[in-house]
Every structure is written in C-alpha cells, then in structure tokens.
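J.: Can you keep this structure in mind? I'll have questions shortly.
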Protein chains: 2
Amino acid sequence: MGTDPTTEEKIKNAARDIFMRKGYAATKTRDIAEEAGINLALLNYYFRSKEKLFQQIMKESLTGFFEHIRSVFMNPDTTLEEKFSLLAKSYIDQIIQQPDTPMFILSELRTRPEEFINLMSGQIKMRDTAIFPQLVEEIGMERLHEINPVHIMMNLISLVIFPFIGKPMIERIADVDDASFKALMEQRKELIPKWIMQMLK
Amino acid sequence: MGTDPTTEEKIKNAARDIFMRKGYAATKTRDIAEEAGINLALLNYYFRSKEKLFQQIMKESLTGFFEHIRSVFMNPDTTLEEKFSLLAKSYIDQIIQQPDTPMFILSELRTRPEEFINLMSGQIKMRDTAIFPQLVEEIGMERLHEINPVHIMMNLISLVIFPFIGKPMIERIADVDDASFKALMEQRKELIPKWIMQMLK
DNA sequence: ATAAAAATTAAACATTTGATTAAATCATAC
DNA sequence: GTATGATTTAATCAAATGTTTAATTTTTAT
C-alpha cells in the first residue's frame, strides 16, 4: 500500500474528479472540500483560489493529453502506419482509464478560451512533427491539393476521441451497454490504423 | 424585413446564444436579460425559471440535431453511399451555421445527464433505421464479427462532428485560420462518404 | 372612453458561493 | 517541556445570483 495522500493531494484529487465531471462553473468549492474530506478554508490555504486550483489541474491535463501525441508523432524511427497504430493504442488505453479528460479539456477550451492561450502555447505544432513530412510524402505532391494532411490528422484524432465524447449519446442511440462499449473501443485500436491507411490510398 | 421579435423570442434568442457559448452553469440570468435587452424579471415572467428556459432550448436543439440524422437514415429509397453523402452535406452545412450546437449538447449531456433521460427518449434508435440493414448487408454476415455496424455509424458521426468540437485546438495545432478551416470542412462533404465507403471494403 | 388584462419595471429577498479571519490544534526543533 | 511555525477549524464576510413582489405602464376589449 502507498502512503496516505497529503492534504494537498486530497484536495487536488477531489478537484480533478469534480472539475472533470461537471466543469469549472458547475463545480463548487464546497463540493471539492466535502469530496476531499477537508475544511473549506484549506482549499484556499493550499491553492489560493478556485481559479488557481483549476489552472494547475488543467495544465497537468493538457500536458498529459499532448505528451502522448508528441512522443508518438515526434519519433523519426517509426513508419506512418506504426505511428497511427501506436497513437490509437496508447490513446484509447489512456482514455479508458480517464474517460472524462478529452471532454473536460475541449469543453473548458470552448467556455473560457482566454485562460487557455498561455496554457496552450508551447504545446505541439503539427508542422514540427516527424509525422508531417511522412504524410506529405505518402500522399504525394500531385495529390496534396485533393487531400490535405490536416484531414488525416483530424480523422485520426476524431476516430480515437469522439466515441468517448459522444459515449452517453452513442450508448442510447445504438443500444450498447458499458461492457460492449469498451469492447468496441478495444477493437478500434486495430481498426483505426487500418482505416486511416486506406484513406491514403 | 421580418417583424420585430416578441419579448419572448428576444429572451429565447439571447438565452440560446449564451447557453450554447458558455454552458448552463456559467450562464447568468442577468447576462441573458442584458443580451436580450429586457428587464431581468421578464425572464421569469415568461419562462418561470432559468432551468425551464434551458430545457426548452435544449429540447429544440436536440430535436434539430436528430432530425437531420432521422430524415437521412430513415429514407428507404437511397443507397448507402447516398445516405453517407447526404448526411455529411446537410450536417456540415448545418454546423457551419450553428457551430456551437454539437458541443453544447454533448457537454451538457455530460455535466447533467439526469435532465436528459426524458429529453433523449423518443429520439432515434439505430436498429429502427433504414440504414442499419443496408449496412449489415454491405458488410456481409461472414464479416459482421470483425466490423460491427456501430463502428461505421460512430465513424461517420465522428468525422463529421469532431472537427467542429475540436476546432479551437485544431486551429492552434495545425496553424489553420478560420477561412482555411471552413474550406477544409467544405472538402469533407465529398471526402467523408468516400472514406466511409472504403472502410466497408 | 374606460375597465380589465397583459407586459414591464425597479427594488428587494433569500441563498449560494468564493474567500478571509482569528482562534485552536498539531508537529518539530531546541 | 516549551517555543515556534505549520496546519486545521469554525465562523463570518461580501458579492453574486435566481427569484419574487408590488407598483407602473401599455395593450386589449367593450
């Protein structure tokens, strides 16, 4: 067993939980305090304000979110298809562990874009990745006008992430339960790279 | 020119605008009143409460959102590829007009799933559509175990909707401006049906 | 023209909510 | 053991927020 979490950690864990599930505006500092099992004043004692606490958590979420893309897309020693496959595998695994992260980031980015300008800068730029020239080469100069590499990147991310974002709706429309949903996501680790490769044909 | 909007319409329009942009919790009744140019008390006079006003708007958004899917997927007289094409075209056009709708629905569905159980019931069921048996036939019985029709439906919706949800992030990562983004979306009306058909091969 | 109904306004109310304060408790060093 | 600093608590504050009230103005019907 690990050591007991410090008060600071308890607050952060509770805050991450509730921020991710309900978003910034719907999260009350008292909910965080109760979930963490601490006195309300301790939240401000350790983190100064709800806003500061939120920014710490968002920064870490963003970093984790991009680290996956970065490490896969920056590697010059893997082929295109390997990159697609690695990204699908590691991302789907990660999101299964923390299903709320993508929606959390995207919905806060929509609601309060101002706060993100600094947090987002210094993150990945598509043109600086190793995958970008590989995509350009695979598509071929003469076909670049009909299929922009940005489409392929969007498609990869869309196919990986959207099912998790749309899960509550998909489960109702398609009559799939939680277990079946997870099984479908597992299959997608293999299917997505195949689909993306076909798009390049 | 159309007639002036009634007070009720002014409130609803303002509320739709702000709810869509900021979400339920971050929207203040006073913001709605100001945006609508009306006295705060009129909001409760016409709609009883913020919650009731929200539910009306959400119900209409959900209905509009599903009407497109329904009308395309229910039509027994179009081929699979025609359905893919029609859905991509009409959906992308609709979302370009009202880019916040998908994110609005999905993020509120995540934040307050309780409120949605009644609003969602009576909406579309995948197994009752005309497209479902078409998909099953196209895939073929012997391949159904390796590619569940639900994947194809998820992919279609993902490729259409996700770029709009991820737009603020995509624009930063891929260095595309608003005009280029719209041009890319226009291309996708033709590309998405093609990509989806390839997945069935 | 006038009375009744509908619409609008300014003010206030009751909670909620983020934050602070001052006192109390705990841990650590000497 | 005691003093010092860190941590925790209960209580409180001030502002924000959804809603209501009571009075006023505008519209409608006769």
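As shown in the structure tokens, the chain order sets the letters A, B, ...; within each chain, residues go from 1, and ligands are also counted from 1 in the order they appear.
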When the cut-off is 9 Å and we count only C-alpha atoms (C1' of nucleotides), which residues of chain C are near chain B, given as a PyMOL selection string?

T.: chain C and resi 7-9

J.: Write down as JSON, numbers by chain the residues of segment 119-162 of chain B whose backbone DSSP state falls under alpha helix (DSSP H).

T.: {"B": [119, 120, 131, 132, 133, 134, 135, 136, 137, 138, 139, 149, 150, 151, 152, 153, 154, 155, 156, 157, 158, 159, 160, 161, 162]}

J.: So that I can check the surroundings of Gly37 of chain B, please list as number ranges by chain every protein, DNA and RNA residue that reaches within 9 Å of it, counting only C-alpha atoms (C1' of nucleotides) and ignoring chain neighbours fewer than 2 positions away.

T.: B: 10-11, 14, 32-35, 39

J.: What separation in Å, quoted to one decimal, exists between atom CA of Leu144 of chain A and atom CA of Glu81 of chain A?

T.: 18.8 Å

J.: With the cut-off set at 9 Å and counting only C-alpha atoms, tabulate each residue of chain B with an atom at most that distance from an atom of chain A, showing the nearest atom pair and its distance in Å to one decimal, ordered by chain and increasing number, as CSV.

T.:
```
residue,atom,partner,partner_atom,distance
B:Arg21,CA,A:Thr111,CA,6.4
B:Lys22,CA,A:Thr111,CA,4.8
B:Gly23,CA,A:Thr111,CA,7.2
B:Tyr24,CA,A:Ala26,CA,8.3
B:Ala25,CA,A:Ala26,CA,5.2
B:Ala26,CA,A:Ala25,CA,5.2
B:Thr27,CA,A:Ala25,CA,8.9
B:Asp100,CA,A:Arg110,CA,9.0
B:Met103,CA,A:Ser107,CA,7.3
B:Phe104,CA,A:Ser107,CA,8.6
B:Leu106,CA,A:Gly166,CA,6.6
B:Ser107,CA,A:Ser107,CA,6.5
B:Glu108,CA,A:Lys22,CA,9.0
B:Leu109,CA,A:Pro168,CA,7.3
B:Arg110,CA,A:Arg21,CA,7.3
B:Thr111,CA,A:Lys22,CA,4.7
B:Arg112,CA,A:Lys22,CA,7.7
B:Pro113,CA,A:Pro168,CA,8.2
B:Met120,CA,A:Arg172,CA,8.1
B:Ser121,CA,A:Arg172,CA,8.5
B:Gln123,CA,A:Ile173,CA,7.9
B:Ile124,CA,A:Ile173,CA,6.2
B:Lys125,CA,A:Ile173,CA,4.8
B:Met126,CA,A:Ala174,CA,5.1
B:Arg127,CA,A:Ala174,CA,7.1
B:Glu146,CA,A:Gln187,CA,8.4
B:Ile147,CA,A:Leu191,CA,8.5
B:Asn148,CA,A:Leu184,CA,8.2
B:Val150,CA,A:Ala174,CA,6.9
B:His151,CA,A:Leu184,CA,7.6
B:Met154,CA,A:Pro163,CA,6.6
B:Asn155,CA,A:Leu159,CA,6.2
B:Ile157,CA,A:Phe162,CA,8.5
B:Ser158,CA,A:Phe162,CA,5.5
B:Leu159,CA,A:Ser158,CA,6.0
B:Val160,CA,A:Ser158,CA,8.9
B:Ile161,CA,A:Phe162,CA,8.4
B:Phe162,CA,A:Ser158,CA,5.5
B:Pro163,CA,A:Met154,CA,6.6
B:Ile165,CA,A:Leu106,CA,7.3
B:Gly166,CA,A:Leu106,CA,6.6
B:Pro168,CA,A:Leu109,CA,7.2
B:Met169,CA,A:Leu106,CA,7.8
B:Ile170,CA,A:Met154,CA,7.7
B:Arg172,CA,A:Lys125,CA,7.6
B:Ile173,CA,A:Lys125,CA,4.8
B:Ala174,CA,A:Met126,CA,5.1
B:Asp175,CA,A:Lys125,CA,7.6
B:Leu184,CA,A:His151,CA,7.6
B:Gln187,CA,A:Glu146,CA,8.4
B:Arg188,CA,A:His151,CA,8.3
B:Leu191,CA,A:Ile147,CA,8.5
B:Lys194,CA,A:Met199,CA,8.6
B:Trp195,CA,A:Met199,CA,6.0
B:Ile196,CA,A:Trp195,CA,8.8
B:Gln198,CA,A:Gln198,CA,6.8
B:Met199,CA,A:Trp195,CA,6.0
```

J.: When you look at segment 11-27 of chain D with a cut-off of 8 Å (counting only C-alpha atoms (C1' of nucleotides)), what residues show up, excluding the ones that are within fewer than 3 positions of it in the same chain? I need them as a PyMOL selection string.

T.: (chain B and resi 28-29+44+49-50) or (chain C and resi 6-9+13+16-17+20-21)

J.: Keeping only C-alpha atoms (C1' of nucleotides), write the selected residues as a PDB file, in the first residue's frame.

T.:
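Listing of out36.pdb after writing:
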```pdb
ATOM      1  CA  LYS B  28     -26.186  34.078 -15.579  1.00  0.00           C
ATOM      2  CA  THR B  29     -29.805  35.173 -15.863  1.00  0.00           C
ATOM      3  CA  ASN B  44     -39.123  34.534 -15.003  1.00  0.00           C
ATOM      4  CA  SER B  49     -37.054  29.794 -14.220  1.00  0.00           C
ATOM      5  CA  LYS B  50     -33.599  29.571 -15.742  1.00  0.00           C
TER       6      LYS B  50
ATOM      7  C1'  DA C   6     -51.079  41.837 -20.067  1.00  0.00           C
ATOM      8  C1'  DA C   7     -46.499  43.468 -20.049  1.00  0.00           C
ATOM      9  C1'  DT C   8     -42.767  45.860 -17.914  1.00  0.00           C
ATOM     10  C1'  DT C   9     -40.029  47.955 -14.282  1.00  0.00           C
ATOM     11  C1'  DC C  13     -35.227  38.838  -0.817  1.00  0.00           C
ATOM     12  C1'  DT C  16     -25.370  30.314  -2.664  1.00  0.00           C
ATOM     13  C1'  DT C  17     -20.658  30.834  -3.166  1.00  0.00           C
ATOM     14  C1'  DT C  20     -10.958  35.548   4.702  1.00  0.00           C
ATOM     15  C1'  DT C  21     -10.166  35.872   9.651  1.00  0.00           C
TER      16       DT C  21
END
```

J.: When the cut-off is 9 Å and we count only C-alpha atoms (C1' of nucleotides), which residues of chain D are near chain A, given as a list in words?

T.: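 Residues of chain D within 9 Å of chain A, counting only C-alpha atoms (C1' of nucleotides): DT7, DT8 and DT9 of chain D.
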
J.: Using only C-alpha atoms (C1' of nucleotides), which protein or nucleic acid residues come within 10 Å of Thr129 of chain A? Drop anything in the same chain fewer than 6 positions from it, and give the result as a ChimeraX atom specification.

T.: /A:69-76

J.: For the residues in that selection, give me N, CA and C atoms as a PDB file, in the first residue's frame.

T.:
```pdb
ATOM      1  N   ILE A  69       0.504  12.430 -27.914  1.00  0.00           N
ATOM      2  CA  ILE A  69       0.665  12.804 -29.319  1.00  0.00           C
ATOM      3  C   ILE A  69       2.121  13.094 -29.626  1.00  0.00           C
ATOM      4  N   ARG A  70       2.711  13.914 -28.750  1.00  0.00           N
ATOM      5  CA  ARG A  70       4.076  14.343 -29.027  1.00  0.00           C
ATOM      6  C   ARG A  70       5.024  13.154 -29.159  1.00  0.00           C
ATOM      7  N   SER A  71       5.017  12.274 -28.160  1.00  0.00           N
ATOM      8  CA  SER A  71       6.004  11.203 -28.156  1.00  0.00           C
ATOM      9  C   SER A  71       5.837  10.302 -29.382  1.00  0.00           C
ATOM     10  N   VAL A  72       4.613  10.109 -29.821  1.00  0.00           N
ATOM     11  CA  VAL A  72       4.400   9.254 -30.988  1.00  0.00           C
ATOM     12  C   VAL A  72       4.743   9.993 -32.278  1.00  0.00           C
ATOM     13  N   PHE A  73       4.243  11.201 -32.401  1.00  0.00           N
ATOM     14  CA  PHE A  73       4.397  11.923 -33.669  1.00  0.00           C
ATOM     15  C   PHE A  73       5.814  12.443 -33.890  1.00  0.00           C
ATOM     16  N   MET A  74       6.570  12.594 -32.823  1.00  0.00           N
ATOM     17  CA  MET A  74       7.915  13.136 -32.954  1.00  0.00           C
ATOM     18  C   MET A  74       8.958  12.072 -33.290  1.00  0.00           C
ATOM     19  N   ASN A  75       8.600  10.829 -33.099  1.00  0.00           N
ATOM     20  CA  ASN A  75       9.581   9.752 -33.292  1.00  0.00           C
ATOM     21  C   ASN A  75       9.912   9.566 -34.775  1.00  0.00           C
ATOM     22  N   PRO A  76      11.185   9.794 -35.160  1.00  0.00           N
ATOM     23  CA  PRO A  76      11.548   9.667 -36.572  1.00  0.00           C
ATOM     24  C   PRO A  76      11.782   8.212 -36.995  1.00  0.00           C
TER      25      PRO A  76
END
```

J.: Counting only C-alpha atoms, which residue out of B:Glu51, B:Asp178, B:Glu67, B:Met197 sits closest to Glu138 of chain B?

T.: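 Residue with the minimum atom-to-atom distance to Glu138 of chain B: B:Met197.
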
J.: What's the separation between atom CA of Gln94 of chain B and atom CA of Ala36 of chain B, in Å to one decimal place?

T.: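 Value for the atom CA of Gln94 of chain B-atom CA of Ala36 of chain B distance: 24.2 Å.
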
J.: Just give me the gap between atom CA of Glu82 of chain A and atom CA of Gly64 of chain A in Å, one decimal is fine.

T.: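 Pair atom CA of Glu82 of chain A / atom CA of Gly64 of chain A returns 20.9 Å.
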
J.: Give me, as a list of chain:residue names, all polymer residues having an atom no more than 12 Å from DA27 of chain C, counting only C-alpha atoms (C1' of nucleotides) and skipping those fewer than 2 positions away in the same chain.

T.: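 Answer for this query is C:DT25, C:DA29, D:DT4, D:DG5, D:DA6, D:DT7.
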
J.: Using only C-alpha atoms (C1' of nucleotides), determine which residues lie at most 12 Å from DA3 of chain C, disregarding the query and same-chain residues fewer than 6 positions distant; provide the list as JSON, numbers by chain.

T.: {"D": [28, 29, 30]}
